[in-house]
Structures are given as C-alpha cells and as structure tokens.
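Structure record follows, encoded as structure tokens.
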Amino acid sequence: MGATPQAKSSRGRISLVAAILVAVCLLACAFLLIVSQIWANTPDGRAAIASQAIERTTEAATRLTPKPSNTPRPSNTPRPTVTPRPTSSPRPSSSPSNTSIPSPLPSQTVVAAPTRTLAPLWTATSNAVVEAATATIEVAATQPPPAAPAGYVCAGGEACIKGNISSDGRHLYHFPGCTSYNNTKIDTSAGERWFVSEAEAQGAGWTKAGNCP
C-alpha cells in the first residue's frame, strides 16, 4: 500500500526541519570562522596564536628529547677478609721455688734540715718602722702652724665690708679705711653683699677696690 498523505507531509516536515538545522549549523560555523579570522588579525589574537605555537613547539621538543638512560649502579665492593688473630704465646713457667730472696737494704738515716731563725729579721724590720714613725712625728712638730689669712677682718664678727657692683659690672669690696667706703651704698636686691672679712669677699668673687690701702 502507498503512504498516506499525512505520512508524506510528516516526512516532508522532518526533512525541512533537518535541512534548517543543517543550514543553521553551517551558518554558525561560518560565523565562527569569520570571527576567528578577524580576531586573528588583531594584535591580541596574533600574540595568543604565537604563544600557542610556542607552547606546542615546546611540548613537541620535550616529547622528542630522549630520556637519559638509567645509570648502572656500582657493584658491591667486596668486603675485606678478616685477618686471623695471632695465637697467644705460651706463658713462661714459674720460677723455681728455691730462688734466693735479696737481702734487705740497709736502713737510711733521715737528717732533719736546720730550722731558720726569723727573730733577727723581724727585729730589724720593727726597728726601721719605729724609726720612720719617730722621724715623721718630729718633722710635723717642727713645722710652724698655718698662718691666718691676711686682710681686713671686721671687729666683733659683724659684716662691715661692703661688696659693691660697679656700673661696668665689676665686683669690688670696700672696708673701713678705703677712700670711697663712706660714699658706697649697698643694694642687696641688686646682688650686692656685706662681708665679715676680706677672705670671705675674695672667696665670693669680689676684688678689693683700687682706692683701698
């Protein structure tokens, strides 16, 4: 029996769909080919193609490079032979029992060394120390006492010496008997001071005025 019109129409539809799918695939392949050609002409595409080519070349060279043959292991070194130990020599027989015993040595007399007497040496040293101490005391006794500091000293321990600061900044002291003593005024707020003696004034950094005796 011949095919019905419905069967023929269904086959024709299937063939049409298959043809459309094949055409779409071909168009997609053509489109991808065109895009790849365009991308290959760009700088990025050329660099990528070059890097892929280098990688493929490297892999091919690695595959073609022969692997080194296994190095043969060295043969086992023969162990040295063990040298036999020498046999022990027989011990000599014991001496006969009638061996004469040597006579004892004569006793030695120990003489004690004479002891040294340190008394004279100690006596001489002590005498020298005593003489040196006596000489030191005598020298100290003959020296005069230290002299009292020279200069004017206020009577009764009162501060009578005027420590003045001049207009040019000099620190001068004046004691009774100086020409300018009565005219000199002391201002303690300005750093001027009173002193009991010249030694105290000099120790504080003041200098005697030129009009003082």
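In the structure tokens, each chain is lettered A, B, ... as it comes, each chain's residues begin at 1, and ligands are numbered from 1 in order of appearance.
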Neighbour list for Val196 of chain A as a list in words, cut-off 7 Å, only C-alpha atoms, skip fewer than 2 positions in-chain: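 After dropping sequence-adjacent residues, the list is Val153, Cys154, Gly157, Glu158, Ala159, Cys160, Ile161 and Glu200 of chain A.
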Considering only C-alpha atoms, return as a list in words whatever protein or nucleic-acid residues lie within 9 Å of Asn164 of chain A, sequence-local ones (same chain, fewer than 5 positions apart) excluded.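 Once the adjacent positions are removed, what remains is Arg170, His171, Leu172, Tyr173, His174, Thr184, Lys185, Ile186, Asp187, Gly191, Glu192, Arg193, Trp194 and Trp206 of chain A.
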May I ask which of the residues A:Ala7, A:Tyr152, A:Ala135, A:Lys162 is the closest one to Ser197 of chain A, counting only C-alpha atoms?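 Closest candidate: A:Tyr152.
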